[in-house]
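Okay, model-v1.csv now, which holds CSV, C-alpha atoms and all ligand atoms:
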chain,number,residue,atom,x,y,z
R,80,MET,CA,-79.1,-70.1,9.0
R,81,LYS,CA,-76.1,-68.4,7.4
R,82,LYS,CA,-76.8,-65.2,5.6
R,83,ILE,CA,-75.0,-64.6,2.3
R,84,LEU,CA,-74.9,-61.4,0.4
R,85,ILE,CA,-74.2,-61.4,-3.3
R,86,VAL,CA,-73.1,-58.1,-4.9
R,87,GLU,CA,-73.5,-58.6,-8.6
R,88,ASP,CA,-74.9,-56.3,-11.3
R,89,GLU,CA,-75.9,-59.0,-13.8
R,90,PRO,CA,-79.4,-59.9,-12.8
R,91,ASN,CA,-79.3,-63.3,-14.3
R,92,ILE,CA,-76.3,-64.4,-12.3
R,93,ARG,CA,-77.6,-62.7,-9.2
R,94,GLU,CA,-81.0,-64.4,-9.3
R,95,LEU,CA,-79.5,-67.8,-10.2
R,96,VAL,CA,-77.1,-67.6,-7.2
R,97,LEU,CA,-79.9,-66.3,-4.9
R,98,TYR,CA,-82.1,-69.2,-5.9
R,99,ASN,CA,-79.4,-71.7,-5.3
R,100,LEU,CA,-78.4,-70.3,-2.0
R,101,LYS,CA,-82.0,-70.8,-0.9
R,102,THR,CA,-82.2,-74.3,-2.1
R,103,ASN,CA,-78.9,-75.0,-0.3
R,104,GLY,CA,-80.2,-73.8,3.0
R,105,TYR,CA,-78.8,-70.3,3.1
R,106,GLU,CA,-80.5,-67.0,3.4
R,107,GLY,CA,-79.5,-65.0,0.3
R,108,ILE,CA,-79.5,-61.3,-0.1
R,109,GLY,CA,-78.8,-59.5,-3.3
R,110,ALA,CA,-77.3,-56.1,-4.1
R,111,GLU,CA,-76.9,-54.7,-7.7
R,112,ASP,CA,-74.2,-52.1,-7.3
R,113,GLY,CA,-71.3,-51.2,-5.1
R,114,ILE,CA,-73.1,-48.6,-2.9
R,115,MET,CA,-76.0,-51.0,-2.3
R,116,GLY,CA,-73.5,-53.7,-1.5
R,117,ILE,CA,-71.8,-51.7,1.2
R,118,THR,CA,-75.1,-50.6,2.6
R,119,LYS,CA,-76.4,-54.1,2.9
R,120,VAL,CA,-73.2,-55.3,4.6
R,121,HIS,CA,-73.9,-52.8,7.3
R,122,LEU,CA,-77.6,-53.4,7.5
R,123,GLU,CA,-77.8,-57.1,7.2
R,124,LYS,CA,-74.4,-58.2,8.6
R,125,PRO,CA,-74.0,-61.2,6.3
R,126,ASP,CA,-71.9,-64.2,7.3
R,127,LEU,CA,-70.2,-64.2,3.9
R,128,ILE,CA,-70.1,-61.9,0.9
R,129,LEU,CA,-69.9,-62.9,-2.8
R,130,LEU,CA,-68.4,-59.9,-4.5
R,131,ASP,CA,-68.3,-59.2,-8.2
R,132,ILE,CA,-65.4,-57.0,-9.3
R,133,MET,CA,-66.8,-54.9,-12.1
R,134,LEU,CA,-69.8,-53.1,-10.5
R,135,PRO,CA,-71.5,-49.8,-11.0
R,136,GLU,CA,-70.9,-47.1,-8.4
R,137,LYS,CA,-68.0,-48.8,-6.7
R,138,ASN,CA,-66.0,-51.7,-7.8
R,139,GLY,CA,-65.3,-54.9,-5.8
R,140,TYR,CA,-61.7,-54.1,-5.0
R,141,ASP,CA,-62.7,-50.8,-3.4
R,142,ILE,CA,-65.6,-52.4,-1.4
R,143,CYS,CA,-63.3,-55.1,-0.1
R,144,ARG,CA,-60.6,-52.6,0.9
R,145,GLU,CA,-63.1,-50.3,2.5
R,146,LEU,CA,-64.6,-53.0,4.6
R,147,ARG,CA,-61.3,-54.3,5.8
R,148,GLU,CA,-60.2,-50.7,6.6
R,149,GLU,CA,-63.2,-50.2,8.8
R,150,GLY,CA,-62.4,-53.4,10.6
R,151,ASN,CA,-65.1,-55.5,9.0
R,152,ASN,CA,-63.7,-59.1,8.7
R,153,THR,CA,-66.7,-60.8,7.0
R,154,PRO,CA,-65.4,-63.5,4.7
R,155,ILE,CA,-65.4,-62.4,1.0
R,156,ILE,CA,-65.3,-64.5,-2.1
R,157,MET,CA,-64.5,-62.4,-5.1
R,158,ILE,CA,-66.2,-63.1,-8.4
R,159,THR,CA,-63.7,-62.4,-11.3
R,160,ALA,CA,-64.6,-62.2,-14.9
R,161,LYS,CA,-61.1,-61.8,-16.4
R,162,THR,CA,-58.0,-63.9,-15.8
R,163,GLU,CA,-55.9,-60.8,-15.2
R,164,GLU,CA,-58.0,-60.1,-12.2
R,165,VAL,CA,-57.1,-63.4,-10.6
R,166,ASP,CA,-53.5,-62.4,-9.9
R,167,LYS,CA,-54.7,-59.3,-8.1
R,168,VAL,CA,-57.3,-61.1,-6.0
R,169,LEU,CA,-54.8,-63.9,-5.2
R,170,GLY,CA,-52.3,-61.4,-4.0
R,171,LEU,CA,-54.8,-60.9,-1.2
R,172,GLU,CA,-53.8,-57.2,-1.1
R,173,PHE,CA,-57.5,-56.5,-1.0
R,174,GLY,CA,-58.2,-58.8,1.9
R,175,ALA,CA,-60.5,-61.2,0.1
R,176,ASP,CA,-60.6,-64.8,1.3
R,177,ASP,CA,-61.1,-66.7,-2.0
R,178,TYR,CA,-62.2,-66.1,-5.6
R,179,ILE,CA,-64.2,-67.8,-8.2
R,180,SER,CA,-64.0,-67.1,-12.0
R,181,LYS,CA,-66.9,-66.6,-14.3
R,182,PRO,CA,-68.4,-68.6,-15.7
R,183,PHE,CA,-68.7,-70.8,-12.6
R,184,GLY,CA,-70.8,-73.8,-11.8
R,185,ILE,CA,-73.2,-73.6,-9.0
R,186,ARG,CA,-71.8,-76.7,-7.3
R,187,GLU,CA,-68.3,-75.2,-7.4
R,188,LEU,CA,-69.6,-72.0,-5.9
R,189,MET,CA,-71.4,-73.8,-3.1
R,190,ALA,CA,-68.3,-75.8,-2.3
R,191,ARG,CA,-66.3,-72.6,-2.1
R,192,ILE,CA,-68.9,-71.0,0.2
R,193,LYS,CA,-68.9,-74.1,2.5
R,194,ALA,CA,-65.1,-74.1,2.6
R,195,VAL,CA,-64.7,-70.5,3.5
R,196,LEU,CA,-67.5,-70.6,6.1
R,197,ARG,CA,-65.9,-73.7,7.7
R,198,ARG,CA,-62.6,-71.8,8.0
R,199,TYR,CA,-64.3,-69.2,10.0
R,200,ASN,CA,-66.6,-71.3,12.1
R,201,VAL,CA,-66.0,-74.7,13.5
R,202,THR,CA,-68.3,-76.5,15.9
R,203,SER,CA,-66.6,-77.7,19.0
R,204,ALA,CA,-67.1,-81.1,20.5
R,205,SER,CA,-69.6,-79.6,23.0
R,206,GLY,CA,-71.6,-78.3,20.0
R,207,GLU,CA,-70.8,-74.7,20.6
R,208,GLU,CA,-69.8,-72.6,17.6
R,209,GLU,CA,-66.3,-71.4,17.8
R,210,THR,CA,-64.7,-68.5,15.9
R,211,VAL,CA,-61.6,-69.4,14.0
R,212,ILE,CA,-59.7,-66.7,12.1
R,213,SER,CA,-57.8,-68.3,9.3
R,214,VAL,CA,-55.2,-66.7,7.2
R,215,ARG,CA,-53.3,-69.0,4.9
R,216,ASP,CA,-51.6,-71.5,7.3
R,217,LEU,CA,-52.4,-69.6,10.4
R,218,ASN,CA,-55.5,-70.6,12.5
R,219,ILE,CA,-56.6,-68.7,15.6
R,220,ASN,CA,-59.3,-70.2,17.7
R,221,VAL,CA,-60.6,-67.2,19.5
R,222,GLU,CA,-62.6,-68.9,22.3
R,223,ARG,CA,-59.9,-71.5,23.0
R,224,HIS,CA,-57.0,-69.1,22.7
R,225,GLU,CA,-55.3,-71.6,20.4
R,226,VAL,CA,-53.0,-70.6,17.6
R,227,LYS,CA,-51.7,-73.0,15.0
R,228,VAL,CA,-49.5,-72.6,12.0
R,229,GLY,CA,-50.2,-75.6,9.8
R,230,GLN,CA,-50.4,-78.4,12.3
R,231,LYS,CA,-48.0,-76.9,14.7
R,232,GLU,CA,-49.4,-75.3,17.9
R,233,ILE,CA,-47.9,-72.0,18.8
R,234,ASP,CA,-47.5,-71.1,22.4
R,235,LEU,CA,-48.3,-67.4,23.0
R,236,THR,CA,-48.5,-65.2,26.0
R,237,LEU,CA,-51.9,-63.6,26.7
R,238,LYS,CA,-50.7,-60.2,25.3
R,239,GLU,CA,-49.1,-61.8,22.3
R,240,PHE,CA,-52.4,-63.6,21.6
R,241,GLU,CA,-54.5,-60.4,22.0
R,242,LEU,CA,-52.1,-58.5,19.8
R,243,LEU,CA,-52.3,-61.1,17.1
R,244,LYS,CA,-56.0,-61.3,17.3
R,245,CYS,CA,-56.4,-57.6,17.1
R,246,LEU,CA,-54.3,-57.4,13.9
R,247,MET,CA,-55.8,-60.5,12.3
R,248,GLU,CA,-59.4,-59.5,13.0
R,249,ASN,CA,-58.7,-56.3,11.1
R,250,ARG,CA,-56.5,-57.6,8.4
R,251,GLY,CA,-55.2,-54.9,6.1
R,252,HIS,CA,-55.8,-52.2,8.5
R,253,VAL,CA,-52.7,-50.3,9.6
R,254,PHE,CA,-52.5,-49.7,13.4
R,255,THR,CA,-50.2,-47.2,15.0
R,256,ARG,CA,-48.3,-48.4,18.0
R,257,ASP,CA,-50.4,-46.2,20.2
R,258,GLN,CA,-53.6,-47.7,18.9
R,259,LEU,CA,-52.3,-51.2,19.6
R,260,LEU,CA,-51.2,-50.2,23.1
R,261,ASN,CA,-54.7,-48.9,23.8
R,262,SER,CA,-56.6,-51.9,22.4
R,263,VAL,CA,-54.3,-54.6,23.8
R,264,TRP,CA,-52.9,-53.1,27.0
R,265,GLY,CA,-55.7,-50.6,27.7
R,266,ILE,CA,-55.8,-46.8,27.8
R,267,ASP,CA,-54.5,-46.7,31.4
R,268,TYR,CA,-51.4,-48.6,30.6
R,269,ALA,CA,-48.5,-46.4,31.2
R,270,GLY,CA,-46.0,-48.3,29.1
R,271,GLU,CA,-44.1,-47.2,26.1
R,272,THR,CA,-44.8,-47.9,22.5
R,273,ARG,CA,-41.6,-49.9,22.4
R,274,THR,CA,-43.6,-52.6,24.3
R,275,VAL,CA,-45.5,-53.1,21.1
R,276,ASP,CA,-42.4,-53.6,19.0
R,277,VAL,CA,-41.0,-56.1,21.5
R,278,HIS,CA,-44.2,-58.1,21.4
R,279,ILE,CA,-44.4,-58.0,17.6
R,280,ARG,CA,-40.8,-59.3,17.4
R,281,HIS,CA,-41.7,-62.2,19.7
R,282,LEU,CA,-44.8,-62.9,17.8
R,283,ARG,CA,-42.9,-63.0,14.5
R,284,GLN,CA,-40.3,-65.3,15.9
R,285,LYS,CA,-43.0,-67.7,17.1
R,286,LEU,CA,-45.1,-67.5,13.9
R,287,SER,CA,-42.2,-68.1,11.5
R,288,SER,CA,-40.9,-71.6,11.2
R,289,GLY,CA,-37.7,-73.1,9.8
R,290,GLY,CA,-35.9,-69.8,9.4
R,291,LYS,CA,-38.6,-68.5,7.1
R,292,GLU,CA,-39.6,-64.8,7.4
R,293,ASP,CA,-42.9,-64.3,9.2
R,294,GLU,CA,-45.5,-63.8,6.5
R,295,TYR,CA,-48.3,-62.5,8.7
R,296,ILE,CA,-47.3,-59.2,10.2
R,297,GLU,CA,-46.1,-56.3,8.1
R,298,THR,CA,-44.3,-53.2,9.4
R,299,ILE,CA,-45.5,-50.0,7.8
R,300,ARG,CA,-42.7,-47.5,8.0
R,301,GLY,CA,-43.5,-44.4,9.9
R,302,LYS,CA,-47.0,-45.7,10.8
R,303,GLY,CA,-47.1,-49.0,12.5
R,304,TYR,CA,-48.2,-52.5,11.8
R,305,LYS,CA,-50.8,-54.4,9.8
R,306,ALA,CA,-51.7,-58.1,9.3
R,307,LYS,CA,-51.3,-59.2,5.7
P,401,CA,CA,-70.3,-57.1,-13.2

Could you write out this structure as structure tokens?
Ligand code: CA
Amino acid sequence: MKKILIVEDEPNIRELVLYNLKTNGYEGIGAEDGIMGITKVHLEKPDLILLDIMLPEKNGYDICRELREEGNNTPIIMITAKTEEVDKVLGLEFGADDYISKPFGIRELMARIKAVLRRYNVTSASGEEETVISVRDLNINVERHEVKVGQKEIDLTLKEFELLKCLMENRGHVFTRDQLLNSVWGIDYAGETRTVDVHIRHLRQKLSSGGKEDEYIETIRGKGYKAK
């Protein structure tokens, strides 16, 4: 059973959503402020988080950013109350996966939850759950080592794959070249940080299509790289 956390300070909405999660076959957990929200993410390890933006203690943007910075990649659907928030959320600078605007219908919410969960987990023909990391058009099947942009399969070397996986699993987190060397090539690897740059360049070439700029890996000047 998939576990879903709703962080929402309005008790009516929280209770209504929790009730409907249950009737739709999910395990629902509620948190009423930002601090509780973060705590419950760590304690309960939900499969998906519904995150209100205006919250006591800590707002939804900060929660989202904090989780991504600590490498937590749980899918997040932001709950927005104002139209001006939508632009921010859609910019994905906070690392959210989707958003829904208040007031929302329960059926719409359930459809969004299903869609986001499906993007993360697909069941293979053999019935095993597989992990798929999806960012816009990019899909990474972790078990099968398959990478697609749209319908197009991308042929990556093992190191390119691991580098991409590392960045995408921690989207929004800035890695230094040394950190990437350590996590992809291993601490014992005696190579230079330039190795990372070369692999990033190849990755970018492979991920971009039709002369378009690669939209998945960002260079952070003087620091390193992050997935966006
Ligand atoms: Ca609120």

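The two atoms in question, atom CA of R:Lys82 and atom CA of R:Ile132, are spaced 20.5 Å apart.
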
*In Å, rounded to a single decimal, give me how far atom CA of R:Lys305 is from atom CA of R:His252.*
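The value is 5.6 Å.
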
_Protein and nucleic acid residues within 7 Å of ligand CA 401 (chain P) (only C-alpha atoms and all ligand atoms) as a PyMOL selection string_ = chain R and resi 87-89+131-134

*Restricting the calculation to only C-alpha atoms, which member of R:Tyr98, R:Tyr105, R:Phe240, R:Tyr295 is positioned closest to R:Asp216?*
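Closest to R:Asp216, using only C-alpha atoms: R:Tyr295.
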
*Separation of atom CA of R:Thr153 from atom CA of R:Val214, in Å and rounded to one decimal*: 12.9 Å

*Between R:Glu225, R:Asp177, R:Met189, R:Ile158, which is the closest to R:Gly104 once you count all atoms listed in the file?*
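Of R:Glu225, R:Asp177, R:Met189, R:Ile158, the one nearest R:Gly104, counting all atoms listed in the file, is R:Met189.
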
*Write out as a PyMOL selection string each polymer residue whose atoms come within 10 Å of R:Pro90, counting all atoms listed in the file; drop sequence neighbours fewer than 5 positions from it.*
chain R and resi 95-96+109-111

Every residue with an atom at most 9 Å from (-80.6, -68.3, 4.9) (file coordinates; all atoms listed in the file) is what I'm after, so could you write them as a compact mmCIF listing (two decimals) with C-alpha atoms, keeping the file's coordinate frame?
# COMPACT_ATOMS: atom_id res chain seq x y z
CA MET R 80 -79.10 -70.10 9.00
CA LYS R 81 -76.10 -68.40 7.40
CA LYS R 82 -76.80 -65.20 5.60
CA ILE R 83 -75.00 -64.60 2.30
CA LEU R 100 -78.40 -70.30 -2.00
CA LYS R 101 -82.00 -70.80 -0.90
CA ASN R 103 -78.90 -75.00 -0.30
CA GLY R 104 -80.20 -73.80 3.00
CA TYR R 105 -78.80 -70.30 3.10
CA GLU R 106 -80.50 -67.00 3.40
CA GLY R 107 -79.50 -65.00 0.30
CA ILE R 108 -79.50 -61.30 -0.10

*Selected residue, from R:Leu196, R:Arg273, R:Ala175, R:Leu282, that lies nearest to R:Leu237 when counting only C-alpha atoms*: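 The shortest atom-to-atom distance to R:Leu237 comes from R:Leu282.
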
_10 Å contact set for R:Asp276, all atoms listed in the file, chain neighbours under 6 positions out, as a ChimeraX atom specification_ = /R:256,282,298,303-304

_Test item: residues at most 9 Å from R:Lys181, only C-alpha atoms, excluding those fewer than 3 positions along its chain, as a ChimeraX atom specification_ = /R:158-161,184

*Distance query 12 Å from (-54.7, -74.2, 4.3) using all atoms listed in the file, result as a list in words*: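 Checking each residue against the 12 Å limit leaves Asp176, Asp177, Ala194, Val195, Arg197, Arg198, Ile212, Ser213, Val214, Arg215, Asp216, Leu217, Asn218, Lys227, Val228, Gly229 and Gln230 of chain R.
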
*asked:* Give me the residues near R:Met157 as an NGL selection string, where near means some atom within 6 Å (using all atoms listed in the file) and where sequence neighbours in that chain fewer than 3 positions away do not count.
replied: :R and (129-131 or 178)

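Comparing the minimum interatomic distances between R:Ile85 and each of R:Ile219, R:Leu286, R:Met115, R:Met247, counting all atoms listed in the file, we find that R:Met115 sits nearest.
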
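The shell of residues at most 8 Å from R:Arg250, with only C-alpha atoms counted and near chain neighbours (fewer than 4 positions) removed, consists of Arg147, Gly150, Asn152, Gly174, Leu246, Lys305, Ala306 and Lys307 of chain R.
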
*asked:* Between R:Pro182, R:Gly270, R:Pro154, R:Gly301, which residue has the minimum interatomic distance to R:Pro125, considering only C-alpha atoms?
replied: R:Pro154

*Residue nearest R:Pro135 among R:Glu294, R:Asp234, R:Asp257, R:Asp112 (counting all atoms listed in the file)*: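 Going through R:Glu294, R:Asp234, R:Asp257, R:Asp112 one by one, the smallest distance to R:Pro135 is for R:Asp112.
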